[in-house]
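File shown: structure03.cif (mmCIF, C-alpha atoms).
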data_my_file
#
loop_
_atom_site.group_PDB
_atom_site.id
_atom_site.type_symbol
_atom_site.label_atom_id
_atom_site.label_comp_id
_atom_site.auth_asym_id
_atom_site.auth_seq_id
_atom_site.Cartn_x
_atom_site.Cartn_y
_atom_site.Cartn_z
ATOM 1 C CA MET A 8 -38.094 33.858 107.919
ATOM 2 C CA LYS A 9 -37.847 30.132 107.661
ATOM 3 C CA ASP A 10 -37.823 28.749 104.086
ATOM 4 C CA SER A 11 -36.571 32.032 102.658
ATOM 5 C CA LEU A 12 -33.782 32.354 100.151
ATOM 6 C CA LEU A 13 -31.236 35.028 101.016
ATOM 7 C CA LEU A 14 -30.235 37.321 98.163
ATOM 8 C CA GLY A 15 -27.007 39.240 98.659
ATOM 9 C CA LEU A 16 -27.017 42.831 97.436
ATOM 10 C CA GLY A 17 -23.823 44.602 98.366
ATOM 11 C CA ARG A 18 -23.447 44.274 102.122
ATOM 12 C CA TYR A 19 -27.102 43.399 102.637
ATOM 13 C CA MET A 20 -28.904 40.056 102.691
ATOM 14 C CA ILE A 21 -32.515 40.279 101.585
ATOM 15 C CA PRO A 22 -34.856 37.356 102.337
ATOM 16 C CA ILE A 23 -36.930 36.145 99.383
ATOM 17 C CA PRO A 24 -40.062 34.261 100.508
ATOM 18 C CA ARG A 25 -40.401 30.625 99.434
ATOM 19 C CA MET A 26 -43.541 31.319 97.381
ATOM 20 C CA ILE A 27 -41.618 33.788 95.197
ATOM 21 C CA TRP A 28 -38.390 31.825 94.668
ATOM 22 C CA GLU A 29 -40.292 28.603 93.906
ATOM 23 C CA ARG A 30 -42.282 30.398 91.212
ATOM 24 C CA ILE A 31 -39.072 31.802 89.700
ATOM 25 C CA MET A 32 -37.400 28.370 89.731
ATOM 26 C CA LYS A 33 -40.367 26.724 87.994
ATOM 27 C CA SER A 34 -40.411 29.438 85.344
ATOM 28 C CA GLU A 35 -36.661 29.147 84.731
ATOM 29 C CA GLY A 36 -36.950 25.354 84.519
ATOM 30 C CA ARG A 37 -39.559 25.666 81.769
ATOM 31 C CA LYS A 38 -37.377 28.148 79.875
ATOM 32 C CA SER A 39 -34.401 25.786 80.050
ATOM 33 C CA ARG A 40 -36.449 22.824 78.875
ATOM 34 C CA ASP A 41 -38.008 24.845 76.035
ATOM 35 C CA GLY A 42 -34.594 26.202 75.069
ATOM 36 C CA LEU A 43 -33.319 22.663 74.439
ATOM 37 C CA SER A 44 -36.376 21.467 72.525
ATOM 38 C CA PHE A 45 -34.633 22.028 69.160
ATOM 39 C CA MET A 46 -32.086 19.293 69.960
ATOM 40 C CA SER A 47 -32.484 15.948 68.223
ATOM 41 C CA GLU A 48 -30.859 12.694 69.303
ATOM 42 C CA ASP A 49 -27.972 13.523 66.942
ATOM 43 C CA HIS A 50 -27.538 16.931 68.590
ATOM 44 C CA HIS A 51 -27.143 15.188 71.929
ATOM 45 C CA ARG A 52 -24.753 12.624 70.454
ATOM 46 C CA VAL A 53 -22.530 15.356 68.974
ATOM 47 C CA ARG A 54 -22.565 17.362 72.171
ATOM 48 C CA ASP A 55 -21.858 14.330 74.382
ATOM 49 C CA PHE A 56 -19.051 13.109 72.126
ATOM 50 C CA THR A 57 -17.323 16.484 72.013
ATOM 51 C CA VAL A 58 -17.524 17.024 75.769
ATOM 52 C CA LEU A 59 -15.833 13.652 76.304
ATOM 53 C CA GLU A 60 -13.350 13.913 73.446
ATOM 54 C CA LEU A 61 -11.949 17.432 74.041
ATOM 55 C CA PRO A 62 -10.402 16.499 77.413
ATOM 56 C CA ARG A 63 -9.164 13.189 76.042
ATOM 57 C CA THR A 64 -7.344 14.686 73.041
ATOM 58 C CA GLY A 65 -6.629 18.166 74.368
ATOM 59 C CA ARG A 66 -6.980 19.470 70.797
ATOM 60 C CA PRO A 67 -9.725 21.201 68.804
ATOM 61 C CA LEU A 68 -12.134 18.812 67.088
ATOM 62 C CA PRO A 69 -12.806 19.208 63.374
ATOM 63 C CA PRO A 70 -16.289 18.272 62.137
ATOM 64 C CA GLU A 71 -14.790 15.457 60.042
ATOM 65 C CA ALA A 72 -13.437 13.709 63.157
ATOM 66 C CA ILE A 73 -16.791 14.020 64.919
ATOM 67 C CA ALA A 74 -18.639 12.723 61.850
ATOM 68 C CA GLU A 75 -16.341 9.727 61.514
ATOM 69 C CA ALA A 76 -16.569 8.789 65.188
ATOM 70 C CA LEU A 77 -20.373 9.042 65.237
ATOM 71 C CA ASP A 78 -20.950 7.615 61.752
ATOM 72 C CA LEU A 79 -22.781 10.741 60.619
ATOM 73 C CA PRO A 80 -22.387 12.655 57.342
ATOM 74 C CA VAL A 81 -20.016 15.631 57.641
ATOM 75 C CA PRO A 82 -22.650 18.132 56.389
ATOM 76 C CA ARG A 83 -25.039 16.898 59.115
ATOM 77 C CA VAL A 84 -22.386 17.390 61.812
ATOM 78 C CA VAL A 85 -21.578 20.877 60.474
ATOM 79 C CA LEU A 86 -25.287 21.777 60.585
ATOM 80 C CA ILE A 87 -25.638 20.427 64.131
ATOM 81 C CA LEU A 88 -22.593 22.386 65.305
ATOM 82 C CA GLU A 89 -23.986 25.535 63.683
ATOM 83 C CA GLU A 90 -27.323 25.027 65.439
ATOM 84 C CA LEU A 91 -25.722 24.336 68.825
ATOM 85 C CA GLU A 92 -23.588 27.445 68.452
ATOM 86 C CA LYS A 93 -26.469 29.592 67.150
ATOM 87 C CA HIS A 94 -28.610 28.703 70.156
ATOM 88 C CA LEU A 95 -25.690 29.566 72.450
ATOM 89 C CA THR A 96 -25.950 26.004 73.692
ATOM 90 C CA PHE A 97 -22.809 24.233 74.729
ATOM 91 C CA VAL A 98 -20.566 24.790 71.680
ATOM 92 C CA PHE A 99 -18.126 27.404 70.393
ATOM 93 C CA ARG A 100 -16.024 27.043 67.269
ATOM 94 C CA GLY A 101 -13.036 29.200 66.455
ATOM 95 C CA ASP A 102 -12.150 30.872 63.171
ATOM 96 C CA GLN A 103 -11.150 27.538 61.662
ATOM 97 C CA ARG A 104 -14.648 26.143 62.411
ATOM 98 C CA VAL A 105 -13.283 23.456 64.705
ATOM 99 C CA VAL A 106 -14.791 22.863 68.147
ATOM 100 C CA THR A 107 -12.563 24.475 70.789
ATOM 101 C CA TRP A 108 -15.126 24.893 73.559
ATOM 102 C CA VAL A 109 -17.978 22.693 74.638
ATOM 103 C CA TYR A 110 -19.470 23.307 78.048
ATOM 104 C CA PRO A 111 -17.908 22.651 80.544
ATOM 105 C CA VAL A 112 -14.484 22.248 78.912
ATOM 106 C CA THR A 113 -12.230 24.058 76.463
ATOM 107 C CA VAL A 114 -8.846 23.502 74.856
ATOM 108 C CA ASP A 115 -8.283 27.270 74.882
ATOM 109 C CA GLU A 116 -6.121 28.457 77.747
ATOM 110 C CA THR A 117 -8.139 29.991 80.578
ATOM 111 C CA PRO A 118 -7.395 30.636 84.258
ATOM 112 C CA HIS A 119 -9.681 27.725 85.177
ATOM 113 C CA HIS A 120 -8.624 24.063 85.184
ATOM 114 C CA ALA A 121 -10.724 20.932 85.355
ATOM 115 C CA ARG A 122 -9.245 17.600 86.414
ATOM 116 C CA PHE A 123 -11.215 14.404 85.916
ATOM 117 C CA SER A 124 -11.045 11.229 87.960
ATOM 118 C CA THR A 125 -9.626 9.548 84.839
ATOM 119 C CA GLY A 126 -6.561 11.797 85.102
ATOM 120 C CA GLU A 127 -7.433 14.017 82.143
ATOM 121 C CA GLU A 128 -6.875 17.730 82.610
ATOM 122 C CA VAL A 129 -8.389 20.485 80.549
ATOM 123 C CA TYR A 130 -9.246 24.141 80.834
ATOM 124 C CA SER A 131 -12.716 25.266 81.779
ATOM 125 C CA PRO A 132 -14.492 28.387 80.510
#
Take the structure from the file and write it as structure tokens.
Amino acid sequence: MKDSLLLGLGRYMIPIPRMIWERIMKSEGRKSRDGLSFMSEDHHRVRDFTVLELPRTGRPLPPEAIAEALDLPVPRVVLILEELEKHLTFVFRGDQRVVTWVYPVTVDETPHHARFSTGEEVYSP
């Protein structure tokens, strides 16, 4: 079966015809795109900043530090973080409401490590 995708189930490999897996991929692509439609430019700025800053500092990021770096009001940053977390998109904040995890990095200890070409090392969820 040329152009099939092999799906492993236990010890068995089941071929999935191209017509079926292409339809699934298109559907999942639409879901992903629709799932991010709530994000404004500021949402992207906050997410991008935190994903770069967590590995650089190696410490949790309080909303005040994010707001200052991005020249945004603290209440706006808090709202954005709440929305990103609510949508299960990219961000997790601990009990102290600071950002400890932003996909694909975390300052929380995990068995997974990420090392960047810049020399920064961080844990990965």
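Of the residues under consideration (A:Tyr19, A:Phe97, A:Trp108, A:Tyr130), A:Phe97 shows the shortest atom-to-atom contact distance to His51 in chain A when counting all atoms listed in the file.
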**Pairwise distance for CA of Val53 in chain A and CA of Glu116 in chain A, rounded to one decimal in Å** = 22.8 Å
**Prompt:** If the PyMOL selection byres ((chain A and resi 88-95) around 12) is run on the structure shown, which residues does it catch, given as a VMD selection string?
**Reply:** chain A and resid 39 41 to 47 49 to 54 57 68 to 71 73 to 74 81 to 87 96 to 101 104 to 110
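Candidate residues A:Ser11, A:Thr64, A:Thr125, A:Ser131 were compared for distance to Met26 in chain A, and the nearest is A:Ser11, using all atoms listed in the file.
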**Request:** Fewer than 4 positions away in the same chain doesn't count, so skip those; otherwise give me all residues within 7 Å of range 60-63 of chain A, counting only C-alpha atoms, as a ChimeraX atom specification.
**Result:** /A:56,67,114,127-129
**Request:** Evaluate the PyMOL selection byres ((chain A and resi 24) around 8) here and jot the selected residues down as number ranges by chain.
**Result:** A: 8, 10-12, 22-23, 25-28
Any chance you could export the current selection's C-alpha atoms as a CSV table (one decimal), in the frame of the given file?
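Everything below was put into again19.csv:
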chain,number,residue,atom,x,y,z
A,8,MET,CA,-38.1,33.9,107.9
A,10,ASP,CA,-37.8,28.7,104.1
A,11,SER,CA,-36.6,32.0,102.7
A,12,LEU,CA,-33.8,32.4,100.2
A,22,PRO,CA,-34.9,37.4,102.3
A,23,ILE,CA,-36.9,36.1,99.4
A,25,ARG,CA,-40.4,30.6,99.4
A,26,MET,CA,-43.5,31.3,97.4
A,27,ILE,CA,-41.6,33.8,95.2
A,28,TRP,CA,-38.4,31.8,94.7
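Our summary of the geometry notes that CA of Phe123 in chain A is positioned 10.7 Å from CA of Leu59 in chain A.
CA of Leu77 in chain A is found 24.7 Å from CA of Ser124 in chain A.
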